[in-house]
Structure formats: C-alpha cells, structure tokens
$ cat start_37.pdb   # PDB, C-alpha atoms
MODEL        1
ATOM      1  CA  MET M   4     117.374  55.254  53.501
ATOM      2  CA  ASN M   5     114.722  57.322  55.204
ATOM      3  CA  ILE M   6     114.673  59.880  57.997
ATOM      4  CA  TYR M   7     114.338  57.120  60.635
ATOM      5  CA  ASP M   8     117.491  55.360  59.358
ATOM      6  CA  ILE M   9     119.435  58.628  59.351
ATOM      7  CA  SER M  10     118.443  59.388  62.961
ATOM      8  CA  GLN M  11     119.433  55.884  64.133
ATOM      9  CA  LYS M  12     122.835  55.904  62.424
ATOM     10  CA  ALA M  13     123.600  59.421  63.679
ATOM     11  CA  GLY M  14     122.337  58.619  67.181
ATOM     12  CA  VAL M  15     119.999  61.619  67.267
ATOM     13  CA  SER M  16     116.249  62.163  67.233
ATOM     14  CA  ILE M  17     114.112  62.495  64.105
ATOM     15  CA  ALA M  18     113.454  66.110  65.109
ATOM     16  CA  THR M  19     117.185  66.837  65.113
ATOM     17  CA  VAL M  20     117.576  65.351  61.627
ATOM     18  CA  SER M  21     114.668  67.507  60.411
ATOM     19  CA  ARG M  22     116.289  70.611  61.896
ATOM     20  CA  VAL M  23     119.528  69.863  60.092
ATOM     21  CA  ILE M  24     117.709  69.218  56.797
ATOM     22  CA  ASN M  25     115.762  72.476  57.100
ATOM     23  CA  GLY M  26     118.803  74.543  58.096
ATOM     24  CA  ASN M  27     117.580  75.297  61.609
ATOM     25  CA  THR M  28     120.344  77.007  63.601
ATOM     26  CA  ASN M  29     119.172  75.433  66.848
ATOM     27  CA  VAL M  30     121.581  72.500  66.332
ATOM     28  CA  SER M  31     125.201  72.312  67.462
ATOM     29  CA  GLU M  32     127.851  72.320  64.748
ATOM     30  CA  LYS M  33     129.134  68.933  65.926
ATOM     31  CA  THR M  34     125.680  67.343  65.648
ATOM     32  CA  ARG M  35     125.019  68.991  62.296
ATOM     33  CA  GLN M  36     128.262  67.613  60.857
ATOM     34  CA  LYS M  37     127.493  64.130  62.197
ATOM     35  CA  VAL M  38     124.044  64.103  60.563
ATOM     36  CA  MET M  39     125.337  65.584  57.302
ATOM     37  CA  ALA M  40     128.055  62.950  57.130
ATOM     38  CA  ILE M  41     125.435  60.164  57.277
ATOM     39  CA  ILE M  42     123.276  61.966  54.699
ATOM     40  CA  GLU M  43     126.192  62.327  52.297
ATOM     41  CA  GLN M  44     127.417  58.765  52.898
ATOM     42  CA  TYR M  45     124.087  57.261  51.875
ATOM     43  CA  ASP M  46     123.211  59.934  49.285
ATOM     44  CA  TYR M  47     119.982  60.655  51.126
ATOM     45  CA  THR M  48     117.503  63.086  49.494
ATOM     46  CA  PRO M  49     114.773  64.272  51.868
ATOM     47  CA  ASN M  50     111.226  64.519  50.592
ATOM     48  CA  ALA M  51     108.557  66.861  51.861
ATOM     49  CA  PHE M  52     106.892  64.211  54.004
ATOM     50  CA  ALA M  53     110.136  63.189  55.697
ATOM     51  CA  ARG M  54     111.040  66.800  56.349
ATOM     52  CA  GLY M  55     107.776  67.353  58.164
ATOM     53  CA  LEU M  56     107.911  64.389  60.533
ATOM     54  CA  GLY M  57     110.184  65.954  63.113
ATOM     55  CA  LEU M  58     109.095  69.585  62.960
ATOM     56  CA  ASN M  59     105.344  69.205  62.517
ATOM     57  CA  THR M  60     105.597  70.995  59.191
ATOM     58  CA  MET M  61     105.719  69.780  55.619
ATOM     59  CA  GLN M  62     107.167  73.085  54.344
ATOM     60  CA  THR M  63     104.493  72.740  51.668
ATOM     61  CA  ILE M  64     101.572  74.987  50.743
ATOM     62  CA  GLY M  65      98.597  73.786  48.739
ATOM     63  CA  ILE M  66      97.258  76.076  46.012
ATOM     64  CA  LEU M  67      93.796  75.754  44.505
ATOM     65  CA  CYS M  68      92.643  77.641  41.432
ATOM     66  CA  ALA M  69      89.725  77.111  39.090
ATOM     67  CA  ASP M  70      91.505  77.530  35.750
ATOM     68  CA  SER M  71      95.248  78.059  35.269
ATOM     69  CA  SER M  72      94.700  79.275  31.698
ATOM     70  CA  ASP M  73      92.964  82.386  33.023
ATOM     71  CA  PRO M  74      95.511  85.258  32.803
ATOM     72  CA  TYR M  75      94.679  86.637  36.255
ATOM     73  CA  LEU M  76      94.830  83.257  37.982
ATOM     74  CA  ALA M  77      97.974  82.218  36.088
ATOM     75  CA  SER M  78      99.764  85.389  37.190
ATOM     76  CA  ALA M  79      98.664  84.857  40.786
ATOM     77  CA  ILE M  80      99.991  81.286  40.773
ATOM     78  CA  PHE M  81     103.306  82.486  39.346
ATOM     79  CA  TYR M  82     103.730  85.144  42.045
ATOM     80  CA  LEU M  83     102.731  82.769  44.850
ATOM     81  CA  GLU M  84     105.055  79.960  43.780
ATOM     82  CA  GLN M  85     108.004  82.324  43.353
ATOM     83  CA  MET M  86     107.445  83.956  46.730
ATOM     84  CA  LEU M  87     106.910  80.667  48.545
ATOM     85  CA  HIS M  88     110.099  79.301  46.996
ATOM     86  CA  LYS M  89     112.030  82.233  48.470
ATOM     87  CA  GLU M  90     110.641  81.252  51.871
ATOM     88  CA  GLN M  91     111.841  77.659  51.272
ATOM     89  CA  TYR M  92     108.304  76.318  50.896
ATOM     90  CA  ASP M  93     107.188  73.894  48.209
ATOM     91  CA  SER M  94     103.774  74.195  46.623
ATOM     92  CA  LEU M  95     101.187  71.716  45.342
ATOM     93  CA  LEU M  96      98.812  73.069  42.694
ATOM     94  CA  CYS M  97      95.361  71.678  41.911
ATOM     95  CA  CYS M  98      93.083  73.150  39.222
ATOM     96  CA  THR M  99      89.533  72.491  40.339
ATOM     97  CA  GLY M 100      87.333  73.871  37.599
ATOM     98  CA  TYR M 101      84.183  75.630  38.745
ATOM     99  CA  ASP M 102      82.126  72.680  39.961
ATOM    100  CA  GLN M 103      81.419  72.732  43.690
ATOM    101  CA  ALA M 104      82.026  69.016  44.182
ATOM    102  CA  ASP M 105      85.435  69.220  42.497
ATOM    103  CA  LYS M 106      86.464  72.167  44.648
ATOM    104  CA  GLU M 107      85.683  70.157  47.775
ATOM    105  CA  LYS M 108      87.413  67.048  46.392
ATOM    106  CA  TYR M 109      90.667  68.832  45.652
ATOM    107  CA  LEU M 110      90.732  70.701  48.951
ATOM    108  CA  ASN M 111      90.361  67.384  50.769
ATOM    109  CA  LEU M 112      93.111  65.926  48.581
ATOM    110  CA  LEU M 113      95.510  68.670  49.670
ATOM    111  CA  LEU M 114      94.544  68.177  53.308
ATOM    112  CA  SER M 115      95.392  64.478  52.946
ATOM    113  CA  LYS M 116      98.887  65.522  51.792
ATOM    114  CA  LYS M 117      99.408  67.178  55.202
ATOM    115  CA  VAL M 118     100.154  70.596  53.721
ATOM    116  CA  ASP M 119     100.794  73.468  56.137
ATOM    117  CA  SER M 120      98.144  75.700  54.575
ATOM    118  CA  VAL M 121      95.982  76.045  51.471
ATOM    119  CA  VAL M 122      95.648  79.192  49.354
ATOM    120  CA  LEU M 123      92.392  79.492  47.420
ATOM    121  CA  VAL M 124      93.188  81.680  44.416
ATOM    122  CA  GLY M 125      90.291  83.681  43.028
ATOM    123  CA  SER M 126      87.005  84.919  44.393
ATOM    124  CA  ASN M 127      85.038  82.124  42.703
ATOM    125  CA  PHE M 128      85.692  79.952  45.792
ATOM    126  CA  VAL M 129      83.462  82.216  47.907
ATOM    127  CA  GLU M 130      79.792  81.339  47.447
ATOM    128  CA  THR M 131      76.774  83.474  48.312
ATOM    129  CA  GLU M 132      75.075  80.517  50.026
ATOM    130  CA  GLU M 133      76.880  80.045  53.340
ATOM    131  CA  GLU M 134      76.417  76.284  53.384
ATOM    132  CA  LYS M 135      78.511  75.992  50.210
ATOM    133  CA  ASN M 136      81.455  77.536  52.067
ATOM    134  CA  GLN M 137      81.255  75.062  54.938
ATOM    135  CA  TYR M 138      83.959  72.763  53.504
ATOM    136  CA  ILE M 139      86.392  75.709  53.634
ATOM    137  CA  ILE M 140      85.367  76.572  57.190
ATOM    138  CA  ASP M 141      85.828  72.921  58.201
ATOM    139  CA  ALA M 142      89.288  72.782  56.597
ATOM    140  CA  ALA M 143      90.301  75.878  58.581
ATOM    141  CA  LYS M 144      89.770  73.918  61.790
ATOM    142  CA  THR M 145      92.957  71.987  61.011
ATOM    143  CA  ILE M 146      95.189  74.419  59.074
ATOM    144  CA  PRO M 147      95.129  78.135  58.189
ATOM    145  CA  ILE M 148      93.283  78.889  54.964
ATOM    146  CA  MET M 149      94.210  81.870  52.778
ATOM    147  CA  LEU M 150      91.731  83.440  50.372
ATOM    148  CA  LEU M 151      93.203  85.460  47.526
ATOM    149  CA  ASN M 152      90.698  88.109  46.403
ATOM    150  CA  GLY M 153      87.855  86.700  48.455
ATOM    151  CA  ALA M 154      86.694  86.750  52.063
ATOM    152  CA  ILE M 155      84.871  84.462  54.485
ATOM    153  CA  ASP M 156      84.373  85.511  58.097
ATOM    154  CA  ALA M 157      85.350  82.410  60.058
ATOM    155  CA  PRO M 158      88.179  81.392  62.440
ATOM    156  CA  ASN M 159      91.591  80.650  60.916
ATOM    157  CA  ILE M 160      90.582  81.996  57.478
ATOM    158  CA  TYR M 161      92.653  84.927  56.230
ATOM    159  CA  SER M 162      92.046  87.150  53.212
ATOM    160  CA  SER M 163      94.270  89.230  50.966
ATOM    161  CA  LEU M 164      92.327  91.150  48.369
ATOM    162  CA  CYS M 165      91.868  94.232  46.234
ATOM    163  CA  ASP M 166      89.108  96.747  46.902
ATOM    164  CA  ASP M 167      87.218  95.976  43.697
ATOM    165  CA  TYR M 168      84.143  97.870  44.853
ATOM    166  CA  HIS M 169      85.789 101.273  45.251
ATOM    167  CA  ALA M 170      87.936 100.776  42.156
ATOM    168  CA  THR M 171      84.891 100.345  39.932
ATOM    169  CA  PHE M 172      82.930 103.008  41.842
ATOM    170  CA  GLN M 173      85.635 105.654  41.318
ATOM    171  CA  VAL M 174      86.229 104.883  37.642
ATOM    172  CA  THR M 175      82.484 104.961  36.928
ATOM    173  CA  GLN M 176      82.162 108.298  38.725
ATOM    174  CA  GLN M 177      85.090 109.656  36.756
ATOM    175  CA  LEU M 178      83.422 108.749  33.465
ATOM    176  CA  LEU M 179      80.057 110.151  34.533
ATOM    177  CA  GLN M 180      81.675 113.438  35.568
ATOM    178  CA  SER M 181      83.318 113.712  32.150
ATOM    179  CA  ASP M 182      79.953 113.589  30.335
ATOM    180  CA  HIS M 183      79.962 109.845  29.671
ATOM    181  CA  LYS M 184      76.366 109.350  30.750
ATOM    182  CA  GLN M 185      75.792 106.220  28.656
ATOM    183  CA  ILE M 186      78.191 103.671  30.119
ATOM    184  CA  LEU M 187      77.960 100.014  29.169
ATOM    185  CA  TYR M 188      79.143  97.682  31.915
ATOM    186  CA  LEU M 189      80.260  94.288  30.628
ATOM    187  CA  TYR M 190      81.049  91.483  33.074
ATOM    188  CA  ASN M 191      81.583  87.720  32.944
ATOM    189  CA  SER M 192      81.491  86.497  36.540
ATOM    190  CA  ASN M 193      79.132  86.467  39.510
ATOM    191  CA  SER M 194      81.964  85.673  41.914
ATOM    192  CA  TYR M 195      82.685  87.531  45.158
ATOM    193  CA  SER M 196      84.884  89.966  43.230
ATOM    194  CA  GLY M 197      82.436  90.202  40.329
ATOM    195  CA  LYS M 198      79.603  91.228  42.643
ATOM    196  CA  LYS M 199      81.769  93.881  44.321
ATOM    197  CA  LYS M 200      82.591  95.428  40.944
ATOM    198  CA  LEU M 201      78.970  95.373  39.836
ATOM    199  CA  LYS M 202      77.805  97.037  43.053
ATOM    200  CA  GLY M 203      80.459  99.718  42.620
ATOM    201  CA  PHE M 204      79.106 100.470  39.149
ATOM    202  CA  TYR M 205      75.516 100.787  40.377
ATOM    203  CA  ASP M 206      76.400 102.817  43.469
ATOM    204  CA  ALA M 207      78.440 105.312  41.448
ATOM    205  CA  HIS M 208      75.335 106.102  39.416
ATOM    206  CA  SER M 209      73.200 106.334  42.558
ATOM    207  CA  SER M 210      75.681 108.752  44.156
ATOM    208  CA  MET M 211      75.083 111.127  41.226
ATOM    209  CA  ASN M 212      71.320 110.489  41.021
ATOM    210  CA  ILE M 213      71.650 108.912  37.591
ATOM    211  CA  LYS M 214      69.285 106.072  36.755
ATOM    212  CA  ILE M 215      70.743 103.007  35.044
ATOM    213  CA  ASP M 216      68.905 101.346  32.210
ATOM    214  CA  ASP M 217      69.273  97.594  32.777
ATOM    215  CA  SER M 218      70.239  97.176  29.126
ATOM    216  CA  HIS M 219      73.503  98.950  29.943
ATOM    217  CA  VAL M 220      74.562  96.136  32.282
ATOM    218  CA  GLN M 221      75.402  93.057  30.241
ATOM    219  CA  TYR M 222      76.627  89.635  31.381
ATOM    220  CA  PHE M 223      78.599  87.794  28.732
ATOM    221  CA  VAL M 224      81.066  84.881  28.745
ATOM    222  CA  GLY M 225      83.181  84.426  25.644
ATOM    223  CA  ASP M 226      86.569  85.032  24.058
ATOM    224  CA  ILE M 227      87.804  88.298  22.552
ATOM    225  CA  HIS M 228      86.239  87.730  19.119
ATOM    226  CA  GLU M 229      82.945  86.555  20.612
ATOM    227  CA  THR M 230      82.876  89.689  22.765
ATOM    228  CA  ARG M 231      83.347  91.810  19.624
ATOM    229  CA  ASP M 232      80.411  90.077  17.933
ATOM    230  CA  PHE M 233      78.287  90.382  21.080
ATOM    231  CA  LEU M 234      78.777  94.159  21.090
ATOM    232  CA  ILE M 235      77.983  94.384  17.377
ATOM    233  CA  ASN M 236      74.672  92.640  18.060
ATOM    234  CA  LEU M 237      73.915  95.040  20.909
ATOM    235  CA  LYS M 238      74.438  97.962  18.538
ATOM    236  CA  LYS M 239      72.180  96.350  15.922
ATOM    237  CA  LYS M 240      69.461  96.094  18.579
ATOM    238  CA  GLY M 241      69.660  99.852  19.052
ATOM    239  CA  LEU M 242      71.646 100.055  22.294
ATOM    240  CA  THR M 243      73.690 103.260  22.437
ATOM    241  CA  PHE M 244      76.731 103.859  24.639
ATOM    242  CA  ASN M 245      79.736 106.199  24.577
ATOM    243  CA  SER M 246      81.937 104.291  27.033
ATOM    244  CA  ILE M 247      82.521 100.731  28.208
ATOM    245  CA  ILE M 248      83.785  99.447  31.547
ATOM    246  CA  THR M 249      84.623  95.744  31.630
ATOM    247  CA  ALA M 250      85.256  93.346  34.499
ATOM    248  CA  ASP M 251      88.499  92.082  32.925
ATOM    249  CA  ASP M 252      90.927  93.009  30.165
ATOM    250  CA  ASN M 253      89.859  90.240  27.755
ATOM    251  CA  LEU M 254      86.400  91.753  27.482
ATOM    252  CA  ALA M 255      87.915  95.210  26.978
ATOM    253  CA  VAL M 256      90.130  94.022  24.104
ATOM    254  CA  GLY M 257      87.002  92.569  22.518
ATOM    255  CA  ALA M 258      85.482  96.043  22.834
ATOM    256  CA  ILE M 259      88.499  97.572  21.055
ATOM    257  CA  LYS M 260      88.067  95.101  18.181
ATOM    258  CA  TYR M 261      84.361  95.992  18.040
ATOM    259  CA  ALA M 262      85.202  99.694  17.739
ATOM    260  CA  LYS M 263      87.749  99.086  14.968
ATOM    261  CA  LEU M 264      85.364  96.933  12.961
ATOM    262  CA  GLN M 265      82.594  99.527  13.300
ATOM    263  CA  GLY M 266      84.838 102.490  12.461
ATOM    264  CA  ILE M 267      84.335 104.026  15.911
ATOM    265  CA  SER M 268      87.155 106.290  17.091
ATOM    266  CA  VAL M 269      88.675 105.363  20.473
ATOM    267  CA  PRO M 270      88.712 107.334  22.733
ATOM    268  CA  ASP M 271      87.072 110.266  20.872
ATOM    269  CA  GLU M 272      83.765 108.481  20.295
ATOM    270  CA  LEU M 273      84.118 105.567  22.702
ATOM    271  CA  SER M 274      86.120 105.273  25.940
ATOM    272  CA  ILE M 275      87.097 101.774  27.090
ATOM    273  CA  ILE M 276      88.382 100.701  30.507
ATOM    274  CA  GLY M 277      89.464  97.173  31.389
ATOM    275  CA  TYR M 278      90.277  95.483  34.679
ATOM    276  CA  ASN M 279      93.402  93.658  35.995
ATOM    277  CA  ASN M 280      96.006  95.709  34.069
ATOM    278  CA  SER M 281      97.245  92.441  32.566
ATOM    279  CA  ILE M 282      99.928  92.113  29.897
ATOM    280  CA  ILE M 283      97.337  92.248  27.099
ATOM    281  CA  ALA M 284      96.532  95.849  28.077
ATOM    282  CA  THR M 285      99.773  96.907  26.390
ATOM    283  CA  CYS M 286      99.638  94.349  23.561
ATOM    284  CA  CYS M 287      96.574  95.792  21.846
ATOM    285  CA  ASP M 288      96.178  98.842  19.608
ATOM    286  CA  PRO M 289      95.289 101.306  20.990
ATOM    287  CA  GLU M 290      96.781 100.373  24.367
ATOM    288  CA  LEU M 291      94.116  99.764  26.974
ATOM    289  CA  SER M 292      93.373 101.876  30.028
ATOM    290  CA  SER M 293      92.898  99.366  32.828
ATOM    291  CA  ILE M 294      92.376  99.171  36.572
ATOM    292  CA  ASP M 295      95.477  97.810  38.276
ATOM    293  CA  ASN M 296      94.269  95.541  41.077
ATOM    294  CA  LYS M 297      97.761  95.234  42.596
ATOM    295  CA  LEU M 298      97.930  91.463  42.143
ATOM    296  CA  GLU M 299     101.623  91.168  42.960
ATOM    297  CA  THR M 300     101.141  93.177  46.176
ATOM    298  CA  VAL M 301      98.138  91.060  47.150
ATOM    299  CA  CYS M 302     100.125  87.846  46.597
ATOM    300  CA  LYS M 303     103.089  89.198  48.548
ATOM    301  CA  ASN M 304     100.798  90.011  51.453
ATOM    302  CA  CYS M 305      99.269  86.532  51.240
ATOM    303  CA  VAL M 306     102.662  84.818  51.610
ATOM    304  CA  SER M 307     103.822  87.287  54.272
ATOM    305  CA  THR M 308     100.652  86.619  56.279
ATOM    306  CA  LEU M 309     101.260  82.874  56.132
ATOM    307  CA  MET M 310     104.872  83.199  57.270
ATOM    308  CA  ASN M 311     103.773  85.329  60.228
ATOM    309  CA  ILE M 312     101.086  82.812  61.147
ATOM    310  CA  PHE M 313     103.657  80.004  61.122
ATOM    311  CA  SER M 314     105.938  82.128  63.309
ATOM    312  CA  GLY M 315     103.153  82.656  65.837
ATOM    313  CA  ASN M 316     102.796  86.382  65.131
ATOM    314  CA  SER M 317      99.517  88.272  65.225
ATOM    315  CA  VAL M 318      98.103  89.048  61.771
ATOM    316  CA  PRO M 319      94.898  90.707  60.482
ATOM    317  CA  PHE M 320      92.199  88.389  59.210
ATOM    318  CA  ARG M 321      91.677  90.623  56.185
ATOM    319  CA  SER M 322      94.100  92.832  54.246
ATOM    320  CA  VAL M 323      92.559  95.072  51.565
ATOM    321  CA  PHE M 324      94.557  97.005  48.959
ATOM    322  CA  SER M 325      93.421  99.931  46.837
ATOM    323  CA  ALA M 326      93.438  99.672  43.059
ATOM    324  CA  GLU M 327      94.252 102.465  40.620
ATOM    325  CA  LEU M 328      93.421 103.288  37.043
ATOM    326  CA  VAL M 329      96.354 103.120  34.638
ATOM    327  CA  SER M 330      95.379 105.521  31.851
ATOM    328  CA  ARG M 331      96.534 104.676  28.355
ATOM    329  CA  GLU M 332      95.110 105.316  24.882
ATOM    330  CA  THR M 333      91.480 104.239  25.299
ATOM    331  CA  THR M 334      90.566 107.104  27.641
ATOM    332  CA  LYS M 335      91.243 110.850  27.670
ATOM    333  CA  PHE M 336      91.933 111.184  31.406
TER     334      PHE M 336
ENDMDL
END

$ encode --input "start_37.pdb" --output "structure tokens"
Amino acid sequence: MNIYDISQKAGVSIATVSRVINGNTNVSEKTRQKVMAIIEQYDYTPNAFARGLGLNTMQTIGILCADSSDPYLASAIFYLEQMLHKEQYDSLLCCTGYDQADKEKYLNLLLSKKVDSVVLVGSNFVETEEEKNQYIIDAAKTIPIMLLNGAIDAPNIYSSLCDDYHATFQVTQQLLQSDHKQILYLYNSNSYSGKKKLKGFYDAHSSMNIKIDDSHVQYFVGDIHETRDFLINLKKKGLTFNSIITADDNLAVGAIKYAKLQGISVPDELSIIGYNNSIIATCCDPELSSIDNKLETVCKNCVSTLMNIFSGNSVPFRSVFSAELVSRETTKF
C-alpha cells in the first residue's frame, strides 16, 4: 500500500491523506476516521516521501557537518536532532569532511532527497573566496539554507551564530588588564569562526596599544598530547608566555598537560582559557576556564527560525548571540 492506494480506497485526495498522517486539524473528524480505518486495515506505515506528496513538505531537514567526532559539531548535531524531533521533523545527516568537492556532493545529495531545508553545521562551510560559496547560494534558490556559526549574505540564507569576535576580544582585554602582557594565542582553524576569534585577539591588543610578537600567535592541529608536546617545543625555543588563550577546549587541555609536565603552577604562573565550554572543561584537573559560546541557544534559534520560515513568518537573516567566560580553576578572575 502507498499513499495513492489509501486515497483511492478512502475516496479522498492525496492531500487529505497527508493532512491526516501529519495530524493537521484542518480535516473533519468523519474524514479522519475514514482514512485512519483504511490505514489500520492495511497496516500502512507512511514514509517521509509519501508524507510530503500532498503537503509539499517532506517534514525532513538535511544536516551537513564536516566531522561528527568533533565535540562541538557532535553537540550541535545532538541539539538539532532533538529539537527537530520535538517539531515532528526527521533529519538526514551527512558528514562531508573538509574537501570542497565532497561538501558540494553531499549538499546536492540532500537536495535530491527533497528535504525542506539544509542546516550547515560549523563555520568551515563558509569560504573566504566567494566563488566557493556559490553552491550554497544556488541551493538557497530552491530551499532555505541555515548556517550554524557562519554567515553568507545572500537571499534565503539564514544564520544563527555566536559573536566569536567580541568574546575573544573581551577575554584578551581582561588578561591584558590583569598584567598578562605575554599571551600565547593557539588556534587550529582558519574557518569563518576561527578568523573572527583571531581578529578579536589582535584588536584587543591594538585597543590597548600593545604590539603583538607574531611568535605569540601559533597555528597548530593535533590532539591533546600533541598540543602538550608542541608547547614544550615552543618553550625550548625560548618563547615566553604567562597566559594562553585557545580556540577550542582540546587545545586548552593540552596546555594544562604541558603545565603539569613542566611543573608550572596554574593559574599562579600560567593562566589558561579555552573555548566552547565543552564537557572536557570540567573533566580535567584543574578545571578549565572556558568561553561559553551558547551552542544550545544557537541551535534552538536555528530550529525556531526554520519553523517560522515554514509558517510564513518574517525572520531575521542573521541572529547573533553573545558568549561569556565561565571562570574555573585555570584563571584568577
């Protein structure tokens, strides 16, 4: 049995069957009971495609992320799927990796599934070169596109993100004002978000007329133990610093391990601040001070924006949320 068979046996349109399946109240009780009787008689289970035929909606949202093993991205996916489920929407997840061609391939795959929208999770989907974003702009000509923690100025593209620039700017200023003049900034991404954080770090120094030595801005990609060893090598090369700001919590935990191995007291001799306020911030010793980028709030806004779009309501193209520093044991303020 399919949705066509159900409509014929019940003597109603496909649209009416879809309304009954989706719980739409714009159906008389008599008609609803007639359709439900046929459904129960033939043990019919609607699939997403069948549901969408009559109402021009699949009740399905596509989700793209680069790497579901990344703690930030994994948490975002969890929040999105839970919130979409509450709105009676299914989700289709594709993990693209970081290759441009794969990102385009998987977005086109989701479009072929006739999803109602696609959420791009993570700022790595936003490229500096405008032509590399064209596939997203083209997709937005057919369905609304949501960017989580990224932004592209184009029609039918909506953004929900944290103000990474001001978060890093304020924390850097706070350290500088507390006599931490030798701050090491450690980052591992040149994404949209990564560039905002980096600019915040530089601008905080400029606002206080403090010159940054380029050696105090280090790009490094590696796990926690590799980060520890990277910092040990920096120290051996003669680089001095009395505080570290990192672009994510994994790097910061590596910094804590570095301090322990070197016998450096945290926070008396070295202050450490992470980013994302992830679960590992409270699983390390000492517990990590970290910038809370309000991921759950950002995801909630993302889903709320989509629901309003589907309902025909006016929504902002960009929603930006302020972050805050959660102080724990690796800082004194």

$ closest_residue --input "start_37.pdb" --among "M:Gly153, M:Pro158, M:Pro319, M:Gly277" --to "M:Ala170" --atoms "only C-alpha atoms"
M:Gly277

$ resolve_selection --input "start_37.pdb" --expression "the PyMOL selection byres ((chain M and resi 127-130) around 9)" --output "PyMOL selection string"
chain M and resi 68-69+101+103+106+123-126+131-136+139+150+153-155+192-197

$ resolve_selection --input "start_37.pdb" --expression "the PyMOL selection byres ((chain M and resi 164) around 12)" --output "ChimeraX atom specification"
/M:79,123-126,149-155,161-163,165-168,195-196,199,296-305,320-326

$ resolve_selection --input "start_37.pdb" --expression "the PyMOL selection byres ((chain M and resi 237) around 12)" --output "list in words"
Leu187, Leu189, Ser218, His219, Val220, Gln221, Phe223, Thr230, Arg231, Asp232, Phe233, Leu234, Ile235, Asn236, Lys238, Lys239, Lys240, Gly241, Leu242, Thr243, Phe244, Ala258 and Tyr261 of chain M

$ closest_residue --input "start_37.pdb" --among "M:Lys184, M:Lys108, M:Arg331, M:Lys116" --to "M:Ile247" --atoms "all atoms listed in the file"
M:Lys184

$ residues_around --input "start_37.pdb" --residues "M:Lys260" --least-positions-apart "6" --cutoff "12 Å" --atoms "all atoms listed in the file" --output "count of residues only"
22

$ closest_residue --input "start_37.pdb" --among "M:Leu67, M:Leu87, M:Ile283, M:Leu328" --to "M:Gly100" --atoms "all atoms listed in the file"
M:Leu67

$ atom_distance --input "start_37.pdb" --atom1 "atom CA of M:Glu90" --atom2 "atom CA of M:Ile312"
13.4 Å

$ closest_residue --input "start_37.pdb" --among "M:Val318, M:Ala250, M:Val30, M:Leu113" --to "M:Thr171" --atoms "only C-alpha atoms"
M:Ala250

$ atom_distance --input "start_37.pdb" --atom1 "atom CA of M:Tyr190" --atom2 "atom CA of M:Ala255"
9.9 Å

$ decode --input "start_37.pdb" --residues "stretch 185-217 of chain M" --atoms "C-alpha atoms" --output "mmCIF file, in the first residue's frame"
data_model
loop_
_atom_site.group_PDB
_atom_site.id
_atom_site.type_symbol
_atom_site.label_atom_id
_atom_site.label_comp_id
_atom_site.auth_asym_id
_atom_site.auth_seq_id
_atom_site.Cartn_x
_atom_site.Cartn_y
_atom_site.Cartn_z
ATOM 1 C CA GLN M 185 52.630 37.876 27.193
ATOM 2 C CA ILE M 186 49.613 35.978 25.891
ATOM 3 C CA LEU M 187 50.035 32.989 23.607
ATOM 4 C CA TYR M 188 47.120 32.508 21.228
ATOM 5 C CA LEU M 189 46.773 28.938 19.979
ATOM 6 C CA TYR M 190 44.303 28.118 17.204
ATOM 7 C CA ASN M 191 43.604 25.221 14.842
ATOM 8 C CA SER M 192 41.209 26.540 12.204
ATOM 9 C CA ASN M 193 41.047 29.260 9.565
ATOM 10 C CA SER M 194 37.271 28.948 9.292
ATOM 11 C CA TYR M 195 34.806 31.846 9.444
ATOM 12 C CA SER M 196 34.653 31.469 13.228
ATOM 13 C CA GLY M 197 38.408 30.940 13.533
ATOM 14 C CA LYS M 198 39.137 34.199 11.723
ATOM 15 C CA LYS M 199 36.684 36.117 13.926
ATOM 16 C CA LYS M 200 38.421 34.845 17.064
ATOM 17 C CA LEU M 201 41.861 35.666 15.709
ATOM 18 C CA LYS M 202 40.813 39.203 14.774
ATOM 19 C CA GLY M 203 39.370 39.687 18.253
ATOM 20 C CA PHE M 204 42.723 38.721 19.759
ATOM 21 C CA TYR M 205 44.657 41.166 17.572
ATOM 22 C CA ASP M 206 42.186 44.024 18.002
ATOM 23 C CA ALA M 207 42.220 43.699 21.792
ATOM 24 C CA HIS M 208 45.959 44.342 21.746
ATOM 25 C CA SER M 209 45.543 47.250 19.327
ATOM 26 C CA SER M 210 42.882 48.826 21.561
ATOM 27 C CA MET M 211 45.480 48.985 24.356
ATOM 28 C CA ASN M 212 48.380 49.996 22.080
ATOM 29 C CA ILE M 213 50.204 46.743 22.753
ATOM 30 C CA LYS M 214 52.239 45.278 19.913
ATOM 31 C CA ILE M 215 51.945 41.542 19.275
ATOM 32 C CA ASP M 216 55.004 39.490 18.500
ATOM 33 C CA ASP M 217 53.977 37.082 15.729
#
